[in-house]
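Participant: Can you read through this structure? Questions will come right after.
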Amino acid sequence: MSGNTPHLVFEQVQARVDIPIISIVEATFVQTKELGIERIGLIGTKFTMEHDFFKKPFVSDHKEIFVPTPNEQDYIHRKIVEELEKGIVKEETKARFLEIIQQMVHRDQLEGMILGCTELPMIIKKNDLELPILNTTEIHVNKIVDTIFLNQ
């Protein structure tokens, strides 16, 4: 499952197949632990930000995970759907995303930011912020590759 939002049903899908599925959520959670991050931000589709499927492993491990305000979530979701999913990257959208993230960093004293939508790395790059950016797509692919090579 290569998207973040479909992980809402990860456990149900895993229960119905005979092969292991690598969770993008679990792989991202492990990465935050390796980095020693205790307070992490999450941006993505409104569905990912509103529901707890991405937050569960963090909360279970007593980590704090924060999402944007409802108005910020609406903006991020709209721009993902109207622009990024269509391959459109606008500088003014990037500037607003970074402004929202900086507000979250200040408001919630974040130590890292999860890009919880596979389209977000199109607009937000690692050197755009002074804190660790966790690109879930990159983390997931690396975990898949590592798993393949470990099982050969």
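Residues are referred to by chain and number: the chain letter is A, B, ... according to the order shown in the structure tokens, the number counts from 1 in that chain, and ligands are numbered separately from 1 in the order shown.
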Which residues of stretch 58-133 of chain A come within 7 Å of stretch 19-42 of chain A, and what is each one's closest atom pair and distance in Å (one decimal), counting only C-alpha atoms, sorted by chain and residue number, as CSV?

Facilitator:
```
residue,atom,partner,partner_atom,distance
A:Phe58,CA,A:Phe29,CA,6.7
A:Lys63,CA,A:Glu38,CA,5.1
A:Glu64,CA,A:Arg39,CA,4.8
A:Ile65,CA,A:Ile40,CA,4.9
A:Phe66,CA,A:Gly41,CA,4.7
A:Val67,CA,A:Leu42,CA,5.2
A:Leu110,CA,A:Arg39,CA,5.1
A:Glu111,CA,A:Arg39,CA,5.5
A:Gly112,CA,A:Ile40,CA,5.0
A:Met113,CA,A:Gly41,CA,4.5
A:Ile114,CA,A:Leu42,CA,4.7
A:Leu115,CA,A:Leu42,CA,6.4
A:Gly116,CA,A:Leu42,CA,6.2
```

Participant: Which residues, written as a list in words, have at least one atom at most 12 Å from A:Phe47, with only C-alpha atoms counted and residues fewer than 2 positions away on the same chain left out?

Facilitator: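 Surrounding residues, per the criterion: Asn4, Thr5, Pro6, His7, Leu8, Leu42, Ile43, Gly44, Thr45, Met49, Glu50, His51, Asp52, Phe53, Phe54, Val67, Pro70, Gln73, Asp74, Ile76, His77, Arg78, Ile80, Val81, Gly116 and Cys117 of chain A.
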
Participant: Could you check the closest approach to A:Glu83 for each of A:His106, A:Ile123, A:Asn71, A:Val145 and tell me which residue wins, using only C-alpha atoms?

Facilitator: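 Of A:His106, A:Ile123, A:Asn71, A:Val145, the one nearest A:Glu83 is A:Ile123, counting only C-alpha atoms.
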
Participant: Quote the spacing between atom CA of A:Ala95 and atom CA of A:Val141 in Å to one decimal place.

Facilitator: 27.4 Å

Participant: Select, from A:Glu85, A:Glu130, A:Glu138, A:Asp61, the residue with the minimum atom-to-atom distance to A:Ile101, counting only C-alpha atoms.

Facilitator: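 Ranking A:Glu85, A:Glu130, A:Glu138, A:Asp61 by distance to A:Ile101, first place goes to A:Glu130.
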
Participant: Pick out the closest residue to A:Leu120 from this set: A:Lys56, A:Arg107, A:Lys143, A:Lys79. Count only C-alpha atoms.

Facilitator: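 Closest to A:Leu120, using only C-alpha atoms: A:Lys79.
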
Participant: Please compute the atom CA of A:Val59-atom CA of A:Ile139 distance, one decimal, in Å.

Facilitator: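 Here the two named atoms are 19.9 Å from each other.
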
Participant: Taking the DSSP assignment computed from this structure's backbone, write out as a PyMOL selection string all residues of stretch 119-151 of chain A that belong to helix (DSSP H, G or I).

Facilitator: chain A and resi 120-122+126-128+136-150

Participant: Kindly indicate which residue among A:Leu84, A:Tyr75, A:Pro132, A:His62 lies nearest to A:Phe97, using only C-alpha atoms for the distances.

Facilitator: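 For A:Phe97, the nearest of the given residues is A:Tyr75.
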
Participant: Quick one: DSSP strand (DSSP E or B) residues in chain A, as an mmCIF file with C-alpha atoms, in the first residue's frame?

Facilitator:
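Generated file (out_9.cif):
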```cif
data_model
loop_
_atom_site.group_PDB
_atom_site.id
_atom_site.type_symbol
_atom_site.label_atom_id
_atom_site.label_comp_id
_atom_site.auth_asym_id
_atom_site.auth_seq_id
_atom_site.Cartn_x
_atom_site.Cartn_y
_atom_site.Cartn_z
ATOM 1 C CA ARG A 39 6.971 15.970 19.250
ATOM 2 C CA ILE A 40 6.111 15.521 15.583
ATOM 3 C CA GLY A 41 3.844 17.363 13.184
ATOM 4 C CA LEU A 42 1.708 15.689 10.517
ATOM 5 C CA ILE A 43 0.362 17.217 7.334
ATOM 6 C CA GLY A 44 -1.458 15.366 4.584
ATOM 7 C CA GLU A 64 3.032 13.697 20.772
ATOM 8 C CA ILE A 65 1.729 14.157 17.236
ATOM 9 C CA PHE A 66 0.206 17.442 16.097
ATOM 10 C CA GLY A 112 10.099 17.131 13.076
ATOM 11 C CA MET A 113 7.416 17.145 10.379
ATOM 12 C CA ILE A 114 5.783 14.173 8.646
ATOM 13 C CA LEU A 115 4.806 14.695 5.016
ATOM 14 C CA GLY A 116 1.817 12.340 5.266
ATOM 15 C CA ILE A 133 11.233 16.357 7.367
ATOM 16 C CA LEU A 134 9.972 12.800 7.173
ATOM 17 C CA ASN A 135 9.020 11.972 3.596
#
```

Participant: Report, in Å to a single decimal, how far apart atom CA of A:Lys126 and atom CA of A:Thr93 are.

Facilitator: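 Separation between atom CA of A:Thr93 and atom CA of A:Lys126: 16.7 Å.
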